[in-house]
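Listing of upload_8.cif; format and content: mmCIF, C-alpha atoms.
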data_structure
loop_
_atom_site.label_atom_id
_atom_site.label_comp_id
_atom_site.auth_asym_id
_atom_site.auth_seq_id
_atom_site.Cartn_x
_atom_site.Cartn_y
_atom_site.Cartn_z
CA MET A 1 79.05 119.30 78.38
CA ARG A 2 77.43 116.91 80.80
CA VAL A 3 79.00 114.15 82.86
CA GLY A 4 77.25 111.26 84.52
CA GLY A 5 77.67 108.01 86.32
CA ASP A 6 76.60 106.45 89.58
CA TRP A 7 79.09 108.61 91.48
CA LEU A 8 76.83 111.60 90.69
CA THR A 9 73.34 110.11 90.38
CA ASN A 10 73.42 107.95 93.50
CA ASP A 11 71.30 108.97 96.50
CA ARG A 12 74.36 109.85 98.64
CA THR A 13 75.80 112.49 96.28
CA GLN A 14 72.38 113.85 95.46
CA THR A 15 71.59 114.13 99.17
CA VAL A 16 74.66 116.28 99.82
CA LEU A 17 74.09 118.53 96.80
CA GLY A 18 70.38 118.81 97.54
CA LEU A 19 71.02 119.66 101.19
CA LEU A 20 72.95 122.76 100.10
CA THR A 21 71.05 123.86 97.02
CA GLY A 22 67.75 123.31 98.79
CA ALA A 23 68.83 125.91 101.34
CA GLY A 24 69.65 128.41 98.61
CA TYR A 25 73.40 127.87 98.32
CA ALA A 26 75.50 126.98 95.27
CA ALA A 27 76.93 123.45 95.40
CA TYR A 28 78.94 121.55 92.82
CA ALA A 29 80.97 118.39 92.51
CA VAL A 30 84.47 119.62 91.79
CA GLY A 31 87.94 118.60 90.73
CA GLY A 32 89.03 115.02 90.20
CA CYS A 33 85.57 113.47 90.11
CA VAL A 34 84.47 115.76 87.27
CA ARG A 35 87.80 115.44 85.47
CA ASN A 36 87.75 111.64 85.58
CA ALA A 37 84.09 111.43 84.60
CA ALA A 38 84.78 113.64 81.58
CA LEU A 39 87.57 111.26 80.58
CA GLY A 40 85.43 108.17 81.12
CA GLU A 41 87.68 107.01 83.95
CA ALA A 42 86.76 105.68 87.38
CA VAL A 43 85.67 108.13 90.05
CA THR A 44 86.70 107.26 93.59
CA ASP A 45 86.13 110.37 95.72
CA VAL A 46 83.51 113.05 95.30
CA ASP A 47 84.43 116.51 96.61
CA ILE A 48 81.89 119.30 96.87
CA ALA A 49 82.44 123.06 96.56
CA THR A 50 79.80 125.39 97.94
CA SER A 51 79.00 128.99 98.71
CA ALA A 52 77.76 127.96 102.17
CA ARG A 53 80.07 128.72 105.09
CA PRO A 54 81.36 125.75 107.11
CA GLU A 55 79.19 126.51 110.14
CA THR A 56 76.17 126.62 107.86
CA VAL A 57 77.08 123.27 106.30
CA MET A 58 77.32 121.74 109.77
CA ALA A 59 74.03 123.25 110.88
CA LEU A 60 72.22 122.01 107.75
CA ALA A 61 73.68 118.54 108.21
CA GLU A 62 72.64 118.42 111.86
CA ALA A 63 69.10 119.48 111.00
CA ALA A 64 68.96 116.73 108.35
CA GLY A 65 70.28 114.08 110.74
CA LEU A 66 73.57 113.67 108.89
CA ARG A 67 76.94 113.23 110.53
CA ALA A 68 79.25 116.24 110.02
CA VAL A 69 82.96 116.06 110.87
CA PRO A 70 84.87 119.39 111.12
CA THR A 71 87.94 118.07 109.31
CA GLY A 72 89.33 121.46 108.29
CA LEU A 73 87.20 124.34 109.46
CA ALA A 74 90.00 126.89 109.11
CA HIS A 75 90.17 126.04 105.42
CA GLY A 76 86.42 125.71 105.00
CA THR A 77 86.17 121.92 104.90
CA VAL A 78 83.51 119.79 106.57
CA THR A 79 83.18 116.07 105.88
CA LEU A 80 79.60 114.88 105.59
CA VAL A 81 79.01 111.16 106.03
CA VAL A 82 76.05 109.82 104.08
CA GLY A 83 75.35 106.10 103.84
CA GLY A 84 78.85 105.33 105.05
CA GLU A 85 80.49 107.49 102.36
CA GLY A 86 82.42 110.63 103.23
CA PHE A 87 82.07 113.82 101.18
CA GLU A 88 84.49 116.69 101.71
CA VAL A 89 82.40 119.85 101.44
CA THR A 90 84.53 122.98 101.12
CA THR A 91 83.44 126.60 100.98
CA PHE A 92 84.47 128.68 97.97
CA ARG A 93 87.66 130.45 99.02
CA ARG A 94 90.53 132.60 97.91
CA ASP A 95 94.09 132.70 99.18
CA VAL A 96 95.06 135.59 101.42
CA ALA A 97 98.63 134.50 102.25
CA THR A 98 100.77 131.44 101.49
CA ASP A 99 104.17 130.19 102.62
CA GLY A 100 104.83 127.43 100.10
CA ARG A 101 103.16 124.77 102.23
CA HIS A 102 100.09 126.23 103.91
CA ALA A 103 97.61 128.90 102.92
CA GLU A 104 95.57 131.42 104.84
CA VAL A 105 92.22 131.64 103.09
CA ALA A 106 89.20 133.92 103.02
CA PHE A 107 85.77 132.49 102.23
CA SER A 108 84.00 133.64 99.10
CA ASP A 109 80.59 133.49 97.46
CA GLN A 110 82.12 133.26 93.99
CA MET A 111 83.09 130.13 92.09
CA SER A 112 85.57 132.24 90.11
CA ASP A 113 87.60 132.89 93.29
CA ASP A 114 87.62 129.18 94.07
CA ALA A 115 88.68 128.22 90.55
CA ALA A 116 91.48 130.79 90.48
CA ARG A 117 93.25 129.20 93.48
CA ARG A 118 93.26 125.66 92.08
CA ASP A 119 96.42 124.09 90.69
CA PHE A 120 95.60 122.99 87.12
CA THR A 121 92.87 124.00 84.70
CA MET A 122 91.69 120.38 84.33
CA ASN A 123 91.05 120.33 88.09
CA ALA A 124 88.99 123.54 88.00
CA LEU A 125 85.89 121.82 86.64
CA TYR A 126 82.54 121.91 88.44
CA ALA A 127 79.38 119.86 87.87
CA ASP A 128 75.89 120.50 89.22
CA ALA A 129 73.48 117.78 90.33
CA THR A 130 72.34 117.19 86.74
CA GLY A 131 75.90 116.67 85.47
CA HIS A 132 76.15 120.01 83.67
CA VAL A 133 79.82 121.04 83.72
CA LEU A 134 80.86 124.60 84.51
CA ASP A 135 84.29 125.42 83.14
CA PRO A 136 85.44 128.89 84.24
CA LEU A 137 89.06 128.53 83.10
CA GLY A 138 89.00 126.51 79.88
CA GLY A 139 89.90 123.25 81.59
CA LEU A 140 87.74 121.12 79.30
CA ASP A 141 89.73 122.09 76.20
CA ASP A 142 92.95 121.29 78.05
CA LEU A 143 91.52 117.99 79.24
CA LYS A 144 90.42 116.97 75.75
CA ALA A 145 93.90 117.81 74.44
CA ARG A 146 95.54 115.98 77.37
CA ARG A 147 97.33 119.23 78.11
CA LEU A 148 98.27 119.98 81.70
CA ARG A 149 98.41 123.71 82.47
CA PHE A 150 98.72 125.60 85.71
CA VAL A 151 95.90 127.98 86.56
CA GLY A 152 97.10 131.51 85.85
CA ASP A 153 100.77 132.22 86.51
CA ALA A 154 102.65 128.94 87.01
CA ALA A 155 105.35 130.44 89.25
CA GLN A 156 102.72 131.95 91.53
CA ARG A 157 100.78 128.68 91.78
CA ILE A 158 104.00 126.87 92.72
CA ALA A 159 105.00 129.48 95.28
CA GLU A 160 101.66 128.90 97.01
CA ASP A 161 102.49 125.21 97.52
CA TYR A 162 105.72 123.66 96.29
CA LEU A 163 104.13 120.22 96.22
CA ARG A 164 102.57 121.42 92.97
CA ILE A 165 105.94 120.85 91.31
CA LEU A 166 105.64 117.12 91.94
CA ARG A 167 101.94 117.17 91.13
CA PHE A 168 102.75 118.74 87.75
CA PHE A 169 104.82 115.70 86.75
CA ARG A 170 102.45 113.23 88.37
CA PHE A 171 99.36 114.63 86.67
CA HIS A 172 101.14 114.71 83.33
CA ALA A 173 101.99 111.02 83.76
CA GLN A 174 98.37 110.22 84.58
CA TYR A 175 96.46 112.55 82.26
CA GLY A 176 98.87 114.24 79.86
CA ASP A 177 99.72 113.41 76.26
CA PRO A 178 103.04 111.50 76.41
CA LEU A 179 103.83 112.51 72.83
CA GLY A 180 102.94 116.15 73.31
CA GLY A 181 105.47 116.85 76.02
CA LEU A 182 104.98 118.98 79.10
CA ASP A 183 103.74 122.56 79.10
CA ALA A 184 106.83 124.73 78.58
CA ASP A 185 105.79 127.49 80.98
CA GLY A 186 104.92 125.00 83.68
CA LEU A 187 108.15 123.09 83.21
CA ALA A 188 110.23 126.26 83.40
CA ALA A 189 108.44 127.34 86.58
CA CYS A 190 109.07 123.95 88.17
CA ALA A 191 112.78 124.16 87.33
CA ALA A 192 112.96 127.66 88.78
CA GLY A 193 111.20 126.64 91.98
CA VAL A 194 113.18 123.53 92.94
CA ASP A 195 114.65 125.11 96.07
CA GLY A 196 111.16 125.22 97.55
CA LEU A 197 110.97 121.42 97.55
CA ALA A 198 113.09 121.45 100.70
CA ARG A 199 110.10 122.87 102.57
CA LEU A 200 107.98 119.79 101.94
CA SER A 201 107.62 116.96 104.44
CA SER A 202 108.92 113.53 103.51
CA GLU A 203 105.36 112.20 103.86
CA ARG A 204 104.00 114.56 101.19
CA VAL A 205 106.88 113.86 98.81
CA THR A 206 106.56 110.10 99.27
CA SER A 207 102.82 110.20 98.65
CA GLU A 208 103.29 112.03 95.35
CA LEU A 209 106.07 109.71 94.19
CA ARG A 210 103.90 106.68 94.97
CA LYS A 211 101.21 108.04 92.68
CA LEU A 212 103.64 109.15 89.98
CA LEU A 213 105.46 105.82 89.80
CA GLY A 214 102.14 103.99 89.89
CA ALA A 215 101.01 105.63 86.62
CA ARG A 216 100.80 103.47 83.52
CA ASP A 217 103.98 104.96 82.06
CA PRO A 218 105.72 107.55 84.22
CA SER A 219 109.01 107.45 82.30
CA PRO A 220 108.48 110.60 80.16
CA SER A 221 107.50 112.60 83.23
CA VAL A 222 110.39 111.26 85.30
CA ALA A 223 112.82 112.05 82.48
CA ALA A 224 111.48 115.61 82.41
CA MET A 225 111.88 115.80 86.21
CA HIS A 226 115.49 114.78 85.77
CA HIS A 227 116.24 117.41 83.15
CA ALA A 228 114.49 120.11 85.19
CA GLY A 229 116.62 119.33 88.25
CA VAL A 230 113.60 118.20 90.26
CA LEU A 231 114.39 114.49 90.50
CA ALA A 232 117.75 115.00 92.18
CA ARG A 233 116.13 117.20 94.84
CA VAL A 234 113.72 114.51 96.00
CA LEU A 235 115.79 111.40 95.16
CA PRO A 236 119.51 112.22 95.30
CA GLY A 237 121.52 110.17 92.82
CA ALA A 238 118.45 108.95 90.95
CA ASP A 239 119.04 107.80 87.37
CA PRO A 240 115.94 107.51 85.15
CA ARG A 241 117.59 105.56 82.32
CA ALA A 242 116.29 102.12 83.34
CA LEU A 243 112.71 103.26 83.94
CA ALA A 244 111.50 103.28 80.32
CA PRO A 245 112.98 99.81 79.59
CA LEU A 246 111.33 98.51 82.76
CA VAL A 247 107.93 99.87 81.73
CA HIS A 248 108.37 98.15 78.36
CA LEU A 249 109.31 94.85 80.00
CA GLU A 250 106.35 95.06 82.39
CA ALA A 251 103.82 94.65 79.56
CA GLY A 252 100.87 92.70 80.93
CA ARG A 253 101.75 93.32 84.57
CA ALA A 254 100.14 95.92 86.81
CA PRO A 255 102.28 98.99 87.61
CA HIS A 256 104.13 98.67 90.91
CA TRP A 257 105.76 101.78 92.30
CA MET A 258 108.33 99.88 94.41
CA ARG A 259 109.58 97.90 91.41
CA ARG A 260 110.12 101.15 89.56
CA LEU A 261 111.70 102.87 92.54
CA ALA A 262 114.23 100.03 92.75
CA VAL A 263 115.64 100.82 89.30
CA LEU A 264 115.36 104.57 89.72
CA ALA A 265 116.98 105.55 93.01
CA PRO A 266 119.97 104.21 94.94
CA ASP A 267 119.13 106.41 97.92
CA THR A 268 115.57 106.53 99.23
CA ALA A 269 116.50 107.86 102.68
CA PRO A 270 114.51 111.09 102.07
CA LEU A 271 111.31 109.05 101.61
CA ARG A 272 108.99 107.80 104.32
CA LEU A 273 108.70 104.07 103.69
CA THR A 274 107.19 101.42 105.90
CA LYS A 275 109.55 98.84 107.37
CA ALA A 276 108.18 96.23 104.97
CA GLU A 277 108.69 98.53 101.97
CA ALA A 278 112.25 99.37 103.00
CA ARG A 279 113.02 95.67 103.46
CA ASP A 280 111.56 94.66 100.09
CA LEU A 281 113.31 97.53 98.33
CA SER A 282 116.65 96.48 99.79
CA ARG A 283 116.09 92.87 98.72
CA LEU A 284 115.13 94.00 95.22
CA ARG A 285 118.27 96.09 94.86
CA ASP A 286 120.44 93.21 96.07
CA ALA A 287 118.83 90.89 93.52
CA VAL A 288 119.40 93.36 90.69
CA GLY A 289 123.11 93.32 91.47
CA ASP A 290 123.72 89.59 90.94
CA MET A 291 122.86 86.89 88.43
CA THR A 292 120.77 84.63 90.64
CA PRO A 293 118.54 82.41 88.45
CA PRO A 294 114.83 83.27 88.35
CA ALA A 295 113.82 80.10 90.19
CA VAL A 296 116.18 80.91 93.06
CA LEU A 297 114.84 84.47 93.17
CA GLY A 298 111.33 83.06 93.43
CA TYR A 299 112.39 80.79 96.29
CA GLY A 300 114.14 83.54 98.20
CA LEU A 301 111.78 86.43 97.52
CA GLY A 302 108.43 84.86 96.73
CA ALA A 303 106.54 84.94 93.45
CA GLU A 304 105.70 88.65 93.29
CA LEU A 305 108.97 90.13 94.53
CA GLY A 306 110.93 87.51 92.60
CA ALA A 307 109.22 88.54 89.37
CA ASP A 308 109.89 92.20 90.19
CA ALA A 309 113.58 91.37 90.66
CA VAL A 310 113.84 89.63 87.27
CA LEU A 311 112.18 92.57 85.51
CA ALA A 312 114.26 95.19 87.34
CA ARG A 313 117.52 93.38 86.62
CA ALA A 314 116.76 93.05 82.90
CA ALA A 315 115.93 96.76 82.75
CA VAL A 316 119.09 97.87 84.57
CA LEU A 317 121.37 95.55 82.60
CA GLU A 318 119.54 96.26 79.31
CA SER A 319 119.31 92.52 78.74
CA PRO A 320 116.47 90.32 77.47
CA LEU A 321 114.32 88.47 79.97
CA PRO A 322 115.41 84.86 80.58
CA PRO A 323 113.42 82.12 78.81
CA ASP A 324 110.36 80.94 80.74
CA TRP A 325 111.24 83.31 83.57
CA ARG A 326 107.68 83.57 84.86
CA ALA A 327 107.33 79.81 85.17
CA GLU A 328 110.76 79.57 86.74
CA VAL A 329 109.97 82.20 89.38
CA THR A 330 106.71 80.40 90.17
CA ARG A 331 108.52 77.05 90.40
CA GLY A 332 111.02 78.45 92.85
CA ALA A 333 108.35 80.17 94.92
CA SER A 334 106.47 76.88 95.32
CA ALA A 335 109.56 74.81 96.18
CA ARG A 336 109.79 73.52 99.77
CA PHE A 337 113.04 72.56 101.46
CA PRO A 338 112.58 68.89 102.46
CA ILE A 339 114.74 68.90 105.60
CA ARG A 340 113.61 69.86 109.09
CA ALA A 341 115.50 70.21 112.36
CA ALA A 342 114.03 66.91 113.52
CA ASP A 343 115.88 65.19 110.66
CA LEU A 344 119.22 66.08 112.29
CA PRO A 345 119.23 64.47 115.73
CA GLY A 346 122.22 65.20 117.90
CA LEU A 347 122.64 68.75 116.59
CA GLU A 348 121.37 71.87 118.29
CA GLY A 349 121.95 75.59 118.50
CA ALA A 350 124.44 77.15 116.10
CA ALA A 351 125.65 73.77 114.84
CA LEU A 352 122.11 72.81 113.85
CA GLY A 353 121.57 76.11 112.06
CA GLN A 354 124.83 75.81 110.12
CA GLU A 355 124.01 72.28 108.98
CA LEU A 356 120.52 73.25 107.86
CA LYS A 357 121.94 76.16 105.87
CA ALA A 358 124.56 73.93 104.25
CA LEU A 359 121.95 71.35 103.27
CA GLU A 360 119.63 74.05 101.95
CA ALA A 361 122.47 75.44 99.81
CA ARG A 362 123.07 71.94 98.37
CA TRP A 363 119.36 71.57 97.67
CA ILE A 364 119.18 74.97 95.92
CA ALA A 365 122.30 74.12 93.91
CA SER A 366 120.54 70.94 92.74
CA ASP A 367 117.84 73.16 91.25
CA PHE A 368 115.49 72.03 94.04
CA ARG A 369 115.66 68.43 92.80
CA ALA A 370 117.60 66.75 95.62
CA THR A 371 115.33 64.66 97.81
CA ARG A 372 115.41 64.28 101.56
CA ALA A 373 117.18 60.94 101.11
CA ASP A 374 119.75 62.52 98.78
CA LEU A 375 120.57 65.23 101.32
CA LEU A 376 120.73 62.95 104.36
CA GLY A 377 122.47 60.07 102.68
#
What would the structure in this file look like if it were written as structure tokens?
Amino acid sequence: MRVGGDWLTNDRTQTVLGLLTGAGYAAYAVGGCVRNAALGEAVTDVDIATSARPETVMALAEAAGLRAVPTGLAHGTVTLVVGGEGFEVTTFRRDVATDGRHAEVAFSDQMSDDAARRDFTMNALYADATGHVLDPLGGLDDLKARRLRFVGDAAQRIAEDYLRILRFFRFHAQYGDPLGGLDADGLAACAAGVDGLARLSSERVTSELRKLLGARDPSPSVAAMHHAGVLARVLPGADPRALAPLVHLEAGRAPHWMRRLAVLAPDTAPLRLTKAEARDLSRLRDAVGDMTPPAVLGYGLGAELGADAVLARAAVLESPLPPDWRAEVTRGASARFPIRAADLPGLEGAALGQELKALEARWIASDFRATRADLLG
């Protein structure tokens, strides 16, 4: 099989591959770029695997006038910057020791060693500069079948890095066959390894959940996480029942991980959210718990968050969406309270604030129709 596309044929990628192969070393595009190209999906990052040692990669880059950044020398990774684009170039390697989070590696000259330490067969795909795909572990057949399988023994792969438990569900949501279910051996290994999730940092867990919940339809994977005991370990008290209805109601809208998180988990304390994300999530949850009309949600939350609140509430309550809810949210978001502090001479401080709030409540209760004259009369 051959893969192609500008990600491979452009001068930047060809420069990096040619730099290494021209010096007599093996060099291949590897992992996600090859996987996505084989599926006809967008390629964003191009990673390179090579038989050249990191110090050799840096020396070759320096001689060619390229910028080389030693981003992970201990693990064999050098980032080469070509035309403003960064390429992670990593030496073939094999694991010597692992602790569930980090690995001690030894460099290798063999692609087979490098492939054997990867997580899933569909990620152990290599492509040369012409697009010819090398498939040492049968990943292409798995990819064509939308079948996600661990490389080798699933329990061993997980013990090397427990983040692979979350990646198993995330990759199934992104690339797996939703009707085919999850690989039984992989699922059993994930269930058996849940205690290892406690070793992961909140940043790594949050990053994986962002990607999982941003998939087109993560509900089958999240349901499987729940049954395997994984979901409760990373999101205590999470209930996946409203997720599938939400995905159905979202038809025509782009996936939004925060909207989905709002219906999934009452407690997100274990996650590392920004202040803005934590604030919006709290406002979404509050909106789900009441029957505020869509227009009022739009006024209070804005068009995007207001729409998220309407969708999340319908999913949680298992109720139909209100008539014309999109237009109503937009109407509320564009409404402007007609009273200003200058309209209330003689009031200041707390008294002024209370009066403004009271007038705003009257205006909202009028469905935003009361005029300035109506409110001041």
Exercise for the section: Would you write out, as a PyMOL selection string, every residue that the PyMOL selection byres ((chain A and resi 106) around 6) captures in this file? Expected result: chain A and resi 93-94+105+107
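For the structure shown here, the set of residues caught by the PyMOL selection byres ((chain A and resi 60) around 12) is A:Thr15, A:Val16, A:Leu17, A:Gly18, A:Leu19, A:Leu20, A:Thr21, A:Gly22, A:Ala23, A:Gly24, A:Tyr25, A:Ala52, A:Arg53, A:Pro54, A:Glu55, A:Thr56, A:Val57, A:Met58, A:Ala59, A:Ala61, A:Glu62, A:Ala63, A:Ala64, A:Gly65, A:Leu66, A:Arg67, A:Ala68, A:Val78, A:Leu80.
The shortest atom-to-atom distance to Lys144 in chain A, with only C-alpha atoms taken into account, belongs to A:Asp177 out of A:Asp177, A:Asp119, A:Asp286, A:Asp185.
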Exercise for the section: Give me the residues within 6 Å of range 267-280 of chain A as a PyMOL selection string, counting all atoms listed in the file and dropping any in the same chain fewer than 6 places off. Expected result: chain A and resi 202-203+206
Fill in the blank from the handout: Atom pair CA of Ala238 in chain A + CA of Pro266 in chain A, distance 6.4 Å
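Take the candidates A:His172, A:Arg167, A:Arg283, A:Arg2 and check each one against Ala145 in chain A using all atoms listed in the file; the shortest distance goes to A:His172.
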Practice task
Measuring atom to atom with only C-alpha atoms, identify which of A:Gly377, A:Pro220, A:Gly84, A:Pro293 is nearest to Arg241 in chain A.
Solution key: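 Of A:Gly377, A:Pro220, A:Gly84, A:Pro293, the one nearest Arg241 in chain A, counting only C-alpha atoms, is A:Pro220.
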Problem - Straight-line distance linking CA of Ala184 in chain A with CA of Ala155 in chain A, stated in Å to one decimal - result: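 So the answer is 12.2 Å.
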Problem - Reference answer for the PyMOL selection byres ((chain A and resi 344) around 12), as number ranges by chain - result: A: 339-343, 345-349, 351-356, 359, 372, 375-377
Do a neighbour search on range 323-334 of chain A at 10 Å with only C-alpha atoms, toss out local chain neighbours closer than 3 positions, and write the hits as a PDB file with C-alpha atoms, keeping the file's coordinate frame.
ATOM      1  CA  PRO A 293     118.540  82.410  88.450  1.00  0.00           C
ATOM      2  CA  PRO A 294     114.830  83.270  88.350  1.00  0.00           C
ATOM      3  CA  ALA A 295     113.820  80.100  90.190  1.00  0.00           C
ATOM      4  CA  VAL A 296     116.180  80.910  93.060  1.00  0.00           C
ATOM      5  CA  LEU A 297     114.840  84.470  93.170  1.00  0.00           C
ATOM      6  CA  GLY A 298     111.330  83.060  93.430  1.00  0.00           C
ATOM      7  CA  TYR A 299     112.390  80.790  96.290  1.00  0.00           C
ATOM      8  CA  GLY A 300     114.140  83.540  98.200  1.00  0.00           C
ATOM      9  CA  LEU A 301     111.780  86.430  97.520  1.00  0.00           C
ATOM     10  CA  GLY A 302     108.430  84.860  96.730  1.00  0.00           C
ATOM     11  CA  ALA A 303     106.540  84.940  93.450  1.00  0.00           C
ATOM     12  CA  GLU A 304     105.700  88.650  93.290  1.00  0.00           C
ATOM     13  CA  LEU A 305     108.970  90.130  94.530  1.00  0.00           C
ATOM     14  CA  GLY A 306     110.930  87.510  92.600  1.00  0.00           C
ATOM     15  CA  ALA A 307     109.220  88.540  89.370  1.00  0.00           C
ATOM     16  CA  ALA A 309     113.580  91.370  90.660  1.00  0.00           C
ATOM     17  CA  VAL A 310     113.840  89.630  87.270  1.00  0.00           C
ATOM     18  CA  LEU A 311     112.180  92.570  85.510  1.00  0.00           C
ATOM     19  CA  PRO A 320     116.470  90.320  77.470  1.00  0.00           C
ATOM     20  CA  PHE A 337     113.040  72.560 101.460  1.00  0.00           C
ATOM     21  CA  ILE A 364     119.180  74.970  95.920  1.00  0.00           C
ATOM     22  CA  ASP A 367     117.840  73.160  91.250  1.00  0.00           C
ATOM     23  CA  PHE A 368     115.490  72.030  94.040  1.00  0.00           C
TER      24      PHE A 368
END
Exercise for the section: Name the residues in contact with range 5-12 of chain A at a cut-off of 7 Å, using only C-alpha atoms, excluding same-chain residues fewer than 6 positions from it; report them as a list in words. Expected result: Val43, Val82 and Gly83 of chain A
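Counting from CA of Gln14 in chain A, the distance to CA of His75 in chain A is 23.8 Å.
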Problem - Which of A:Ala370, A:Pro245, A:Pro236, A:Leu197 sits closest to Pro218 in chain A [using all atoms listed in the file] - result: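 For Pro218 in chain A, the nearest of the candidates is A:Pro245.
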Got a sec: who's within 10 Å of Ile165 in chain A, counting only C-alpha atoms, leaving out chain neighbours fewer than 2 positions off, as a short mmCIF file (atom, residue, chain, number, x, y, z; two decimals) with C-alpha atoms, in the coordinates of the input?
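Generated file (around-v2.cif):
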data_model
loop_
_atom_site.label_atom_id
_atom_site.label_comp_id
_atom_site.auth_asym_id
_atom_site.auth_seq_id
_atom_site.Cartn_x
_atom_site.Cartn_y
_atom_site.Cartn_z
CA ALA A 154 102.65 128.94 87.01
CA ALA A 155 105.35 130.44 89.25
CA ARG A 157 100.78 128.68 91.78
CA ILE A 158 104.00 126.87 92.72
CA ALA A 159 105.00 129.48 95.28
CA ASP A 161 102.49 125.21 97.52
CA TYR A 162 105.72 123.66 96.29
CA LEU A 163 104.13 120.22 96.22
CA ARG A 167 101.94 117.17 91.13
CA PHE A 168 102.75 118.74 87.75
CA PHE A 169 104.82 115.70 86.75
CA ARG A 170 102.45 113.23 88.37
CA GLY A 186 104.92 125.00 83.68
CA LEU A 187 108.15 123.09 83.21
CA ALA A 189 108.44 127.34 86.58
CA CYS A 190 109.07 123.95 88.17
CA ALA A 191 112.78 124.16 87.33
CA GLY A 193 111.20 126.64 91.98
CA VAL A 194 113.18 123.53 92.94
CA GLY A 196 111.16 125.22 97.55
CA LEU A 197 110.97 121.42 97.55
CA MET A 225 111.88 115.80 86.21
CA VAL A 230 113.60 118.20 90.26
#
Quick one: residues within 10 Å of Val316 in chain A, only C-alpha atoms, excluding same-chain residues fewer than 5 positions away - as an mmCIF file with C-alpha atoms, keeping the file's coordinate frame?
data_model
loop_
_atom_site.group_PDB
_atom_site.id
_atom_site.type_symbol
_atom_site.label_atom_id
_atom_site.label_comp_id
_atom_site.auth_asym_id
_atom_site.auth_seq_id
_atom_site.Cartn_x
_atom_site.Cartn_y
_atom_site.Cartn_z
ATOM 1 C CA ARG A 241 117.590 105.560 82.320
ATOM 2 C CA ALA A 242 116.290 102.120 83.340
ATOM 3 C CA LEU A 243 112.710 103.260 83.940
ATOM 4 C CA PRO A 245 112.980 99.810 79.590
ATOM 5 C CA LEU A 246 111.330 98.510 82.760
ATOM 6 C CA ALA A 262 114.230 100.030 92.750
ATOM 7 C CA VAL A 263 115.640 100.820 89.300
ATOM 8 C CA LEU A 264 115.360 104.570 89.720
ATOM 9 C CA VAL A 288 119.400 93.360 90.690
ATOM 10 C CA GLY A 289 123.110 93.320 91.470
ATOM 11 C CA LEU A 311 112.180 92.570 85.510
#
Handout entry: Among listed residues A:Trp363, A:Tyr126, A:Trp257, A:Phe150, nearest Phe92 in chain A (using all atoms listed in the file)
Key =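 Closest residue, counting all atoms listed in the file: A:Tyr126.
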Handout entry: Counting only C-alpha atoms, the option among A:Thr130, A:Thr79, A:Asn123, A:Gln174 closest to Tyr28 in chain A
Key = A:Thr130
